[in-house]
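One file, my_file.cif, carrying mmCIF, C-alpha atoms:
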```
data_upload
loop_
_atom_site.group_PDB
_atom_site.id
_atom_site.type_symbol
_atom_site.label_atom_id
_atom_site.label_comp_id
_atom_site.auth_asym_id
_atom_site.auth_seq_id
_atom_site.Cartn_x
_atom_site.Cartn_y
_atom_site.Cartn_z
ATOM 1 C CA MET K 9 102.148 114.842 72.365
ATOM 2 C CA GLN K 10 104.735 112.847 70.461
ATOM 3 C CA PHE K 11 104.673 110.144 73.138
ATOM 4 C CA ASP K 12 100.920 109.617 72.733
ATOM 5 C CA HIS K 13 101.375 109.411 68.965
ATOM 6 C CA LEU K 14 104.061 106.753 69.403
ATOM 7 C CA ARG K 15 101.828 104.743 71.708
ATOM 8 C CA ARG K 16 98.996 104.842 69.169
ATOM 9 C CA ARG K 17 101.398 103.620 66.502
ATOM 10 C CA GLU K 18 102.580 100.863 68.847
ATOM 11 C CA PHE K 19 99.000 99.717 69.423
ATOM 12 C CA ILE K 20 98.229 99.720 65.692
ATOM 13 C CA ALA K 21 101.403 97.741 65.042
ATOM 14 C CA LEU K 22 100.422 95.260 67.744
ATOM 15 C CA LEU K 23 97.165 94.525 65.956
ATOM 16 C CA GLY K 24 98.784 94.158 62.557
ATOM 17 C CA GLY K 25 97.978 97.440 60.865
ATOM 18 C CA ALA K 26 95.557 100.342 61.064
ATOM 19 C CA ALA K 27 92.806 98.448 59.260
ATOM 20 C CA ALA K 28 92.832 95.858 62.040
ATOM 21 C CA VAL K 29 92.134 98.288 64.843
ATOM 22 C CA TRP K 30 88.500 99.181 64.419
ATOM 23 C CA PRO K 31 85.653 97.910 62.241
ATOM 24 C CA PHE K 32 85.880 94.166 62.240
ATOM 25 C CA ALA K 33 82.118 94.107 61.622
ATOM 26 C CA ALA K 34 82.192 93.453 57.865
ATOM 27 C CA ARG K 35 84.827 90.759 58.215
ATOM 28 C CA ALA K 36 82.977 89.129 61.114
ATOM 29 C CA GLN K 37 79.732 89.005 59.123
ATOM 30 C CA GLN K 38 81.514 87.098 56.357
ATOM 31 C CA SER K 39 82.986 84.615 58.793
ATOM 32 C CA SER K 40 81.785 82.055 61.285
ATOM 33 C CA MET K 41 84.494 83.060 63.748
ATOM 34 C CA PRO K 42 83.165 84.140 67.155
ATOM 35 C CA VAL K 43 83.647 87.804 68.017
ATOM 36 C CA ILE K 44 85.024 89.055 71.330
ATOM 37 C CA GLY K 45 84.282 92.666 72.209
ATOM 38 C CA PHE K 46 87.220 94.219 74.104
ATOM 39 C CA LEU K 47 86.197 97.497 75.729
ATOM 40 C CA ARG K 48 88.090 99.938 77.928
ATOM 41 C CA SER K 49 86.952 103.217 79.412
ATOM 42 C CA THR K 50 90.466 104.625 78.931
ATOM 43 C CA PRO K 51 92.622 104.796 75.766
ATOM 44 C CA LEU K 52 93.770 101.524 74.227
ATOM 45 C CA ALA K 53 97.098 103.146 73.411
ATOM 46 C CA ASP K 54 97.830 103.172 77.165
ATOM 47 C CA ALA K 55 97.110 99.455 77.454
ATOM 48 C CA VAL K 56 99.259 97.777 74.801
ATOM 49 C CA HIS K 57 100.807 95.484 77.441
ATOM 50 C CA LEU K 58 97.351 94.478 78.678
ATOM 51 C CA VAL K 59 96.123 93.689 75.162
ATOM 52 C CA THR K 60 99.236 91.577 74.583
ATOM 53 C CA ALA K 61 98.611 89.675 77.831
ATOM 54 C CA PHE K 62 94.939 89.134 76.926
ATOM 55 C CA ARG K 63 95.919 87.675 73.569
ATOM 56 C CA GLU K 64 98.434 85.387 75.307
ATOM 57 C CA GLY K 65 95.643 84.064 77.525
ATOM 58 C CA LEU K 66 93.438 83.395 74.507
ATOM 59 C CA ARG K 67 96.308 81.609 72.793
ATOM 60 C CA GLU K 68 97.034 79.458 75.861
ATOM 61 C CA ALA K 69 93.423 78.281 75.744
ATOM 62 C CA GLY K 70 93.480 77.523 72.015
ATOM 63 C CA PHE K 71 92.243 80.716 70.341
ATOM 64 C CA VAL K 72 94.434 82.703 67.950
ATOM 65 C CA GLU K 73 93.175 86.080 66.799
ATOM 66 C CA ASN K 74 92.080 86.199 63.143
ATOM 67 C CA ARG K 75 92.518 82.421 62.876
ATOM 68 C CA ASN K 76 89.631 81.090 64.959
ATOM 69 C CA VAL K 77 88.434 84.198 66.834
ATOM 70 C CA THR K 78 87.979 87.873 66.036
ATOM 71 C CA VAL K 79 88.566 90.589 68.633
ATOM 72 C CA ASP K 80 86.954 94.013 68.193
ATOM 73 C CA TYR K 81 88.871 96.567 70.270
ATOM 74 C CA ARG K 82 86.993 99.665 71.437
ATOM 75 C CA SER K 83 87.692 102.526 73.839
ATOM 76 C CA ALA K 84 85.702 105.383 75.353
ATOM 77 C CA GLU K 85 88.954 107.418 75.408
ATOM 78 C CA GLY K 86 88.305 108.459 79.001
ATOM 79 C CA GLN K 87 84.771 109.725 78.280
ATOM 80 C CA ARG K 88 82.039 107.785 80.064
ATOM 81 C CA ASP K 89 79.376 108.984 77.655
ATOM 82 C CA GLN K 90 81.285 107.273 74.840
ATOM 83 C CA LEU K 91 80.739 103.787 76.303
ATOM 84 C CA SER K 92 77.128 103.325 75.207
ATOM 85 C CA ALA K 93 77.738 103.115 71.427
ATOM 86 C CA PRO K 94 80.257 100.235 71.440
ATOM 87 C CA ILE K 95 78.226 98.396 74.090
ATOM 88 C CA ALA K 96 75.099 98.651 71.936
ATOM 89 C CA ASP K 97 77.081 97.431 68.926
ATOM 90 C CA PHE K 98 78.467 94.419 70.803
ATOM 91 C CA ILE K 99 74.998 93.450 72.045
ATOM 92 C CA ARG K 100 73.387 93.909 68.638
ATOM 93 C CA ARG K 101 75.870 91.719 66.753
ATOM 94 C CA PRO K 102 75.974 89.888 69.258
ATOM 95 C CA ALA K 103 79.505 89.403 70.542
ATOM 96 C CA ALA K 104 80.183 85.947 71.993
ATOM 97 C CA VAL K 105 81.734 87.583 75.068
ATOM 98 C CA ILE K 106 82.582 91.145 76.120
ATOM 99 C CA VAL K 107 85.844 91.796 78.009
ATOM 100 C CA VAL K 108 85.932 95.028 80.023
ATOM 101 C CA ASN K 109 87.833 97.020 82.626
ATOM 102 C CA ALA K 110 86.169 97.973 85.923
ATOM 103 C CA GLU K 111 84.521 101.224 84.874
ATOM 104 C CA ALA K 112 83.137 99.825 81.631
ATOM 105 C CA ALA K 113 81.919 96.677 83.414
ATOM 106 C CA HIS K 114 79.098 98.470 85.216
ATOM 107 C CA PHE K 115 77.764 99.943 81.977
ATOM 108 C CA VAL K 116 77.855 96.619 80.140
ATOM 109 C CA LYS K 117 76.239 94.749 83.037
ATOM 110 C CA ALA K 118 73.400 97.301 83.075
ATOM 111 C CA ALA K 119 72.892 96.848 79.329
ATOM 112 C CA THR K 120 72.670 93.062 78.993
ATOM 113 C CA THR K 121 71.852 89.952 80.978
ATOM 114 C CA ALA K 122 72.384 87.722 77.937
ATOM 115 C CA VAL K 123 75.870 88.401 76.537
ATOM 116 C CA PRO K 124 78.666 86.901 78.699
ATOM 117 C CA ILE K 125 80.909 89.509 80.368
ATOM 118 C CA VAL K 126 84.482 89.059 81.648
ATOM 119 C CA PHE K 127 85.928 91.907 83.714
ATOM 120 C CA ALA K 128 89.413 92.746 84.966
ATOM 121 C CA THR K 129 89.178 94.993 88.008
ATOM 122 C CA GLY K 130 91.276 96.284 90.881
ATOM 123 C CA THR K 131 88.181 96.707 93.037
ATOM 124 C CA ASP K 132 86.010 94.304 95.034
ATOM 125 C CA PRO K 133 83.479 93.023 92.458
ATOM 126 C CA VAL K 134 81.049 91.795 95.141
ATOM 127 C CA ARG K 135 80.952 95.124 96.955
ATOM 128 C CA ASP K 136 80.623 96.898 93.599
ATOM 129 C CA GLY K 137 77.637 94.780 92.594
ATOM 130 C CA LEU K 138 79.245 93.095 89.582
ATOM 131 C CA VAL K 139 78.786 89.556 90.957
ATOM 132 C CA GLY K 140 76.816 87.881 93.736
ATOM 133 C CA SER K 141 79.872 86.152 95.180
ATOM 134 C CA LEU K 142 83.457 85.422 94.198
ATOM 135 C CA ASN K 143 83.023 81.642 94.159
ATOM 136 C CA ARG K 144 79.633 81.568 92.422
ATOM 137 C CA PRO K 145 79.218 84.793 90.438
ATOM 138 C CA GLY K 146 75.872 83.779 88.918
ATOM 139 C CA GLY K 147 74.280 85.532 85.946
ATOM 140 C CA ASN K 148 76.292 86.504 82.882
ATOM 141 C CA VAL K 149 79.312 88.089 84.594
ATOM 142 C CA THR K 150 82.661 86.819 85.898
ATOM 143 C CA GLY K 151 86.267 87.946 85.705
ATOM 144 C CA VAL K 152 89.501 88.660 87.499
ATOM 145 C CA THR K 153 90.219 90.972 90.414
ATOM 146 C CA PHE K 154 93.655 92.170 91.517
ATOM 147 C CA PHE K 155 92.399 94.164 94.556
ATOM 148 C CA ALA K 156 94.578 97.193 93.742
ATOM 149 C CA GLY K 157 92.606 99.600 95.917
ATOM 150 C CA LEU K 158 92.695 97.679 99.187
ATOM 151 C CA LEU K 159 96.418 97.651 99.935
ATOM 152 C CA SER K 160 96.920 101.146 101.379
ATOM 153 C CA ALA K 161 98.154 99.879 104.744
ATOM 154 C CA LYS K 162 100.955 97.829 103.195
ATOM 155 C CA ARG K 163 101.911 100.586 100.737
ATOM 156 C CA LEU K 164 102.119 103.252 103.439
ATOM 157 C CA GLU K 165 104.113 100.888 105.649
ATOM 158 C CA LEU K 166 106.663 100.341 102.844
ATOM 159 C CA LEU K 167 106.905 104.089 102.207
ATOM 160 C CA ARG K 168 107.447 104.700 105.923
ATOM 161 C CA GLN K 169 110.316 102.198 105.971
ATOM 162 C CA LEU K 170 111.999 104.027 103.107
ATOM 163 C CA VAL K 171 111.181 107.529 104.414
ATOM 164 C CA PRO K 172 111.137 107.002 108.211
ATOM 165 C CA LYS K 173 110.868 110.712 108.993
ATOM 166 C CA ALA K 174 107.687 111.122 106.941
ATOM 167 C CA THR K 175 104.790 112.643 108.868
ATOM 168 C CA THR K 176 102.382 113.563 106.057
ATOM 169 C CA ALA K 177 101.070 111.704 103.025
ATOM 170 C CA ALA K 178 98.852 112.600 100.078
ATOM 171 C CA LEU K 179 96.379 110.284 98.388
ATOM 172 C CA LEU K 180 95.121 111.045 94.875
ATOM 173 C CA VAL K 181 91.708 109.546 94.121
ATOM 174 C CA ASN K 182 89.548 109.530 91.012
ATOM 175 C CA PRO K 183 86.108 110.359 92.519
ATOM 176 C CA SER K 184 84.239 108.593 89.713
ATOM 177 C CA GLY K 185 86.009 105.302 90.404
ATOM 178 C CA PRO K 186 83.719 102.595 91.802
ATOM 179 C CA ASP K 187 85.859 102.159 94.927
ATOM 180 C CA ALA K 188 86.787 105.808 95.567
ATOM 181 C CA GLU K 189 85.168 106.037 99.008
ATOM 182 C CA ALA K 190 86.443 102.621 100.099
ATOM 183 C CA VAL K 191 90.003 103.540 99.078
ATOM 184 C CA ARG K 192 89.797 106.848 100.940
ATOM 185 C CA LYS K 193 88.501 105.159 104.088
ATOM 186 C CA ASP K 194 91.089 102.377 103.929
ATOM 187 C CA ALA K 195 93.972 104.807 103.373
ATOM 188 C CA GLN K 196 92.824 107.108 106.182
ATOM 189 C CA ALA K 197 92.688 104.223 108.659
ATOM 190 C CA ALA K 198 96.091 102.944 107.491
ATOM 191 C CA ALA K 199 97.707 106.377 107.828
ATOM 192 C CA GLN K 200 96.249 106.927 111.281
ATOM 193 C CA ALA K 201 97.517 103.537 112.441
ATOM 194 C CA ILE K 202 101.139 104.470 111.713
ATOM 195 C CA GLY K 203 100.902 108.128 112.741
ATOM 196 C CA LEU K 204 100.761 109.764 109.319
ATOM 197 C CA GLN K 205 98.551 112.714 108.491
ATOM 198 C CA LEU K 206 96.758 112.011 105.213
ATOM 199 C CA MET K 207 95.506 114.577 102.721
ATOM 200 C CA SER K 208 93.092 113.219 100.091
ATOM 201 C CA LEU K 209 92.788 114.999 96.741
ATOM 202 C CA ASP K 210 90.268 114.282 93.972
ATOM 203 C CA VAL K 211 91.543 114.274 90.386
ATOM 204 C CA ALA K 212 89.766 113.470 87.130
ATOM 205 C CA SER K 213 92.118 114.734 84.397
ATOM 206 C CA ALA K 214 95.807 115.045 83.592
ATOM 207 C CA ARG K 215 95.699 118.736 84.488
ATOM 208 C CA GLU K 216 94.135 117.981 87.865
ATOM 209 C CA ILE K 217 96.865 115.396 88.551
ATOM 210 C CA GLU K 218 99.491 118.080 87.897
ATOM 211 C CA GLN K 219 97.675 120.559 90.133
ATOM 212 C CA ALA K 220 97.178 118.035 92.947
ATOM 213 C CA ILE K 221 100.826 117.001 93.016
ATOM 214 C CA ALA K 222 101.915 120.658 92.962
ATOM 215 C CA THR K 223 99.499 121.359 95.840
ATOM 216 C CA SER K 224 100.905 118.393 97.773
ATOM 217 C CA VAL K 225 104.431 119.740 97.411
ATOM 218 C CA GLU K 226 103.355 123.256 98.443
ATOM 219 C CA ARG K 227 101.783 121.832 101.593
ATOM 220 C CA GLY K 228 104.942 119.945 102.488
ATOM 221 C CA ILE K 229 103.652 116.440 101.870
ATOM 222 C CA ASP K 230 106.384 113.837 102.470
ATOM 223 C CA VAL K 231 105.074 110.842 100.492
ATOM 224 C CA LEU K 232 102.436 110.107 97.859
ATOM 225 C CA GLN K 233 100.165 107.230 96.854
ATOM 226 C CA PHE K 234 97.198 106.717 94.526
ATOM 227 C CA GLY K 235 93.758 105.211 94.337
ATOM 228 C CA SER K 236 93.090 102.367 91.931
ATOM 229 C CA GLY K 237 91.627 102.290 88.459
ATOM 230 C CA ALA K 238 92.407 102.521 84.757
ATOM 231 C CA PHE K 239 92.427 106.335 84.955
ATOM 232 C CA PHE K 240 95.642 106.419 86.987
ATOM 233 C CA ASN K 241 97.194 103.510 85.112
ATOM 234 C CA SER K 242 96.664 105.337 81.808
ATOM 235 C CA HIS K 243 98.469 108.404 83.230
ATOM 236 C CA ARG K 244 101.331 106.482 84.840
ATOM 237 C CA GLU K 245 104.121 108.059 82.761
ATOM 238 C CA LEU K 246 102.883 111.573 83.586
ATOM 239 C CA ILE K 247 102.671 110.704 87.291
ATOM 240 C CA VAL K 248 106.181 109.208 87.329
ATOM 241 C CA ALA K 249 107.564 112.319 85.611
ATOM 242 C CA LEU K 250 105.823 114.669 88.064
ATOM 243 C CA ALA K 251 106.981 112.675 91.097
ATOM 244 C CA ALA K 252 110.567 112.868 89.812
ATOM 245 C CA ARG K 253 110.316 116.590 89.036
ATOM 246 C CA HIS K 254 109.016 117.388 92.513
ATOM 247 C CA ARG K 255 111.305 114.823 94.201
ATOM 248 C CA LEU K 256 108.319 113.213 95.898
ATOM 249 C CA PRO K 257 108.700 109.615 97.154
ATOM 250 C CA THR K 258 105.754 107.753 95.626
ATOM 251 C CA ILE K 259 104.399 104.220 95.742
ATOM 252 C CA TYR K 260 102.335 102.889 92.845
ATOM 253 C CA ASN K 261 99.643 100.296 92.208
ATOM 254 C CA TRP K 262 101.355 99.045 89.044
ATOM 255 C CA ARG K 263 104.764 97.496 88.434
ATOM 256 C CA GLU K 264 104.780 99.232 85.030
ATOM 257 C CA ALA K 265 105.181 102.608 86.763
ATOM 258 C CA VAL K 266 108.369 101.432 88.495
ATOM 259 C CA ALA K 267 109.721 100.030 85.234
ATOM 260 C CA ALA K 268 109.093 103.520 83.781
ATOM 261 C CA GLY K 269 111.190 105.157 86.528
ATOM 262 C CA GLY K 270 108.813 105.250 89.495
ATOM 263 C CA LEU K 271 110.171 104.593 92.994
ATOM 264 C CA MET K 272 108.266 101.516 94.180
ATOM 265 C CA SER K 273 105.073 99.499 93.799
ATOM 266 C CA TYR K 274 103.150 96.927 95.767
ATOM 267 C CA ALA K 275 100.461 95.108 93.828
ATOM 268 C CA ALA K 276 99.262 92.014 92.102
ATOM 269 C CA SER K 277 100.075 91.827 88.404
ATOM 270 C CA ILE K 278 97.513 93.652 86.244
ATOM 271 C CA THR K 279 99.172 92.138 83.194
ATOM 272 C CA ASP K 280 98.581 88.639 84.529
ATOM 273 C CA ALA K 281 94.958 89.565 85.301
ATOM 274 C CA TYR K 282 94.425 90.315 81.608
ATOM 275 C CA ARG K 283 96.081 87.036 80.637
ATOM 276 C CA GLN K 284 93.613 85.278 82.945
ATOM 277 C CA ALA K 285 90.764 87.285 81.391
ATOM 278 C CA GLY K 286 91.844 85.908 78.011
ATOM 279 C CA ILE K 287 91.708 82.358 79.387
ATOM 280 C CA TYR K 288 88.221 82.954 80.798
ATOM 281 C CA ALA K 289 86.991 84.451 77.513
ATOM 282 C CA ALA K 290 88.260 81.324 75.748
ATOM 283 C CA ARG K 291 86.540 79.018 78.235
ATOM 284 C CA ILE K 292 83.262 80.830 77.598
ATOM 285 C CA LEU K 293 83.781 80.484 73.844
ATOM 286 C CA LYS K 294 84.112 76.747 74.459
ATOM 287 C CA GLY K 295 80.706 76.674 76.142
ATOM 288 C CA GLU K 296 81.246 77.318 79.851
ATOM 289 C CA LYS K 297 78.859 79.724 81.581
ATOM 290 C CA PRO K 298 80.320 82.862 83.199
ATOM 291 C CA GLY K 299 78.136 82.452 86.277
ATOM 292 C CA ASP K 300 79.795 79.087 86.971
ATOM 293 C CA LEU K 301 83.376 80.442 86.700
ATOM 294 C CA PRO K 302 84.696 81.721 90.058
ATOM 295 C CA VAL K 303 86.156 85.223 90.040
ATOM 296 C CA MET K 304 89.930 84.779 89.886
ATOM 297 C CA GLN K 305 91.897 86.370 92.711
ATOM 298 C CA PRO K 306 95.610 87.127 92.986
ATOM 299 C CA THR K 307 97.793 84.525 94.645
ATOM 300 C CA LYS K 308 100.763 86.871 95.014
ATOM 301 C CA PHE K 309 101.417 90.550 95.630
ATOM 302 C CA GLU K 310 104.807 91.812 94.479
ATOM 303 C CA PHE K 311 106.973 94.565 95.936
ATOM 304 C CA VAL K 312 109.114 96.190 93.224
ATOM 305 C CA LEU K 313 111.787 98.776 94.043
ATOM 306 C CA ASN K 314 113.752 101.065 91.711
ATOM 307 C CA LEU K 315 117.174 101.687 93.278
ATOM 308 C CA LYS K 316 118.193 104.221 90.644
ATOM 309 C CA THR K 317 115.149 106.363 91.471
ATOM 310 C CA ALA K 318 115.767 105.987 95.217
ATOM 311 C CA LYS K 319 119.325 107.244 94.705
ATOM 312 C CA ALA K 320 118.100 110.182 92.596
ATOM 313 C CA LEU K 321 115.776 111.131 95.465
ATOM 314 C CA GLY K 322 118.630 110.904 97.961
ATOM 315 C CA LEU K 323 117.040 107.991 99.813
ATOM 316 C CA ASP K 324 119.067 105.303 101.564
ATOM 317 C CA VAL K 325 117.357 101.964 101.120
ATOM 318 C CA PRO K 326 117.618 99.912 104.327
ATOM 319 C CA ASP K 327 118.764 96.308 103.952
ATOM 320 C CA ARG K 328 115.524 94.980 105.470
ATOM 321 C CA LEU K 329 113.540 96.729 102.714
ATOM 322 C CA LEU K 330 115.818 95.364 99.996
ATOM 323 C CA ALA K 331 115.309 91.898 101.456
ATOM 324 C CA LEU K 332 111.534 92.296 101.150
ATOM 325 C CA ALA K 333 111.646 93.252 97.451
ATOM 326 C CA ASP K 334 110.465 90.658 94.924
ATOM 327 C CA GLU K 335 112.214 92.637 92.192
ATOM 328 C CA VAL K 336 114.894 95.324 92.335
ATOM 329 C CA ILE K 337 115.434 97.573 89.303
ATOM 330 C CA GLU K 338 118.955 99.007 89.189
#
```
What do you get writing this file as structure tokens?
Amino acid sequence: MQFDHLRRREFIALLGGAAAVWPFAARAQQSSMPVIGFLRSTPLADAVHLVTAFREGLREAGFVENRNVTVDYRSAEGQRDQLSAPIADFIRRPAAVIVVNAEAAHFVKAATTAVPIVFATGTDPVRDGLVGSLNRPGGNVTGVTFFAGLLSAKRLELLRQLVPKATTAALLVNPSGPDAEAVRKDAQAAAQAIGLQLMSLDVASAREIEQAIATSVERGIDVLQFGSGAFFNSHRELIVALAARHRLPTIYNWREAVAAGGLMSYAASITDAYRQAGIYAARILKGEKPGDLPVMQPTKFEFVLNLKTAKALGLDVPDRLLALADEVIE
């Protein structure tokens, strides 16, 4: 797709040219600069804003890429079996710290107890076994959580205020996500509490997202929401386009989806989580131990509403909902 090509070009431009994107190994061997391994399970081209935020965090803490630190960016391109090679490379070198998203975090943690790991996750890292506790992680792992998957009750409540006649909702979940079952359970309880029937659909590819949304429309679903994870975030533009095509009121876990034309979102800032991950990586480079750094948690959840999209869907936004919005896109 042309869009994907443009995003790849944008990512390459962000890092200062194609030669900067991948093998930093030779350059790192000739230099005393510490190396940070930056690894995502999903494509880097979908995460340009997160990379930018991470670099801002590093800079805030005194590290400027290619001046006093090297960052080696890797991606499994959505294929779990592609995670092992970059992880092995980072451990072998070794990297001074490895920064990962939620899915990659489990693989890195299983591979090393020596190399410091900083994660950014929308799940509960204690429940998922990444850390022993939020305040005292212990071991070689710490990071940032934005609890994206545990807000179903609030999201469904906001959707109900905007679509008061809604009786049915669909939830799309990536079954391989670490919090898939917890998200399903939380959403089911939230829907039942406000009298909504909830249909849960598993999706693991762009094609399955298309099929699931089409199935939801065929079954007369009134509103739509999603599970958490990098998989859905990396497909946000596709999801926004499908929701618009099928005129399906949808709430998202990421502000970026609303900026791209989605209806509404309720979430902590993923972008800020990656900025914080950059700060933590820098603190580890300065000698702090990951096990002594408390897992950072969000201090604010933001409700973002796109009035233009609401109008296109024929929805009247009540004043009380407008008053609740932290940001209104017109």
### Query
Got a sec to resolve the PyMOL selection byres ((chain K and resi 48) around 9) on this structure and send the residues as a PyMOL selection string?
chain K and resi 46-47+49-52+81-86+91+107-113+238
Just say which residues the PyMOL selection byres ((chain K and resi 58) around 10) picks in this file, as a compact mmCIF listing (two decimals) with C-alpha atoms, keeping the file's coordinate frame.
```txt
# COMPACT_ATOMS: atom_id res chain seq x y z
CA LEU K 52 93.77 101.52 74.23
CA ASP K 54 97.83 103.17 77.17
CA ALA K 55 97.11 99.46 77.45
CA VAL K 56 99.26 97.78 74.80
CA HIS K 57 100.81 95.48 77.44
CA VAL K 59 96.12 93.69 75.16
CA THR K 60 99.24 91.58 74.58
CA ALA K 61 98.61 89.68 77.83
CA PHE K 62 94.94 89.13 76.93
CA ARG K 63 95.92 87.68 73.57
CA GLU K 64 98.43 85.39 75.31
CA ILE K 278 97.51 93.65 86.24
CA THR K 279 99.17 92.14 83.19
CA ASP K 280 98.58 88.64 84.53
CA ALA K 281 94.96 89.56 85.30
CA TYR K 282 94.42 90.32 81.61
CA ARG K 283 96.08 87.04 80.64
```
#### Entry: Polymer residues at most 10 Å from Ser184 in chain K, all atoms listed in the file, same-chain spacing of 5 or more positions, as a ChimeraX atom specification
/K:88,111,189,210-212,237,239
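Taking only C-alpha atoms into account, Pro186 in chain K lies nearest to K:Thr131 out of the set K:Ser92, K:Ser213, K:Ser224, K:Thr131.
For the residues K:Leu293, K:His254, K:Gly203, K:Ala188, ranking by smallest atom-to-atom distance to Thr223 in chain K using only C-alpha atoms places K:His254 first.
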### Query
Any chance you could work out the residue set of the PyMOL selection byres ((chain K and resi 289) around 9) here, as an MDAnalysis selection string?
chainID K and resid 44 65:66 104:107 124:126 151 284:288 290:294 298
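From CA of Asn143 in chain K back to CA of Asn261 in chain K, the distance works out to 25.1 Å.
When CA of Phe234 in chain K is paired with CA of Glu216 in chain K, their separation reads 13.4 Å.
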### Task
May I ask for the distance between CA of Lys162 in chain K and CA of Gly140 in chain K, given in Å to one decimal place?
27.8 Å
### Query
Got a sec: who's within 8 Å of Ala199 in chain K, counting only C-alpha atoms, leaving out chain neighbours fewer than 5 positions off, as an NGL selection string?
:K and (161 or 164 or 177 or 204-206)
### Task
May I have the residues within 7 Å of Gly270 in chain K as number ranges by chain, using all atoms listed in the file and disregarding those fewer than 3 positions away in the same chain?
K: 248, 265-267, 314, 317
### Message
Env of Leu330 in chain K: 10 Å cut, atoms = only C-alpha atoms, seq-sep filter 3 positions within chain, self excluded. Answer as a PyMOL selection string.
### Response
chain K and resi 170+311-313+315+325-327+333-336
For the selection just defined, write its residues with C-alpha atoms to a file, as a PDB file, in the coordinates of the input.
```pdb
ATOM      1  CA  LEU K 170     111.999 104.027 103.107  1.00  0.00           C
ATOM      2  CA  PHE K 311     106.973  94.565  95.936  1.00  0.00           C
ATOM      3  CA  VAL K 312     109.114  96.190  93.224  1.00  0.00           C
ATOM      4  CA  LEU K 313     111.787  98.776  94.043  1.00  0.00           C
ATOM      5  CA  LEU K 315     117.174 101.687  93.278  1.00  0.00           C
ATOM      6  CA  VAL K 325     117.357 101.964 101.120  1.00  0.00           C
ATOM      7  CA  PRO K 326     117.618  99.912 104.327  1.00  0.00           C
ATOM      8  CA  ASP K 327     118.764  96.308 103.952  1.00  0.00           C
ATOM      9  CA  ALA K 333     111.646  93.252  97.451  1.00  0.00           C
ATOM     10  CA  ASP K 334     110.465  90.658  94.924  1.00  0.00           C
ATOM     11  CA  GLU K 335     112.214  92.637  92.192  1.00  0.00           C
ATOM     12  CA  VAL K 336     114.894  95.324  92.335  1.00  0.00           C
TER      13      VAL K 336
END
```
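Among the candidates K:Ala103, K:Leu166, K:Ala190, K:Ala252, the one nearest to Arg135 in chain K when counting only C-alpha atoms is K:Ala190.
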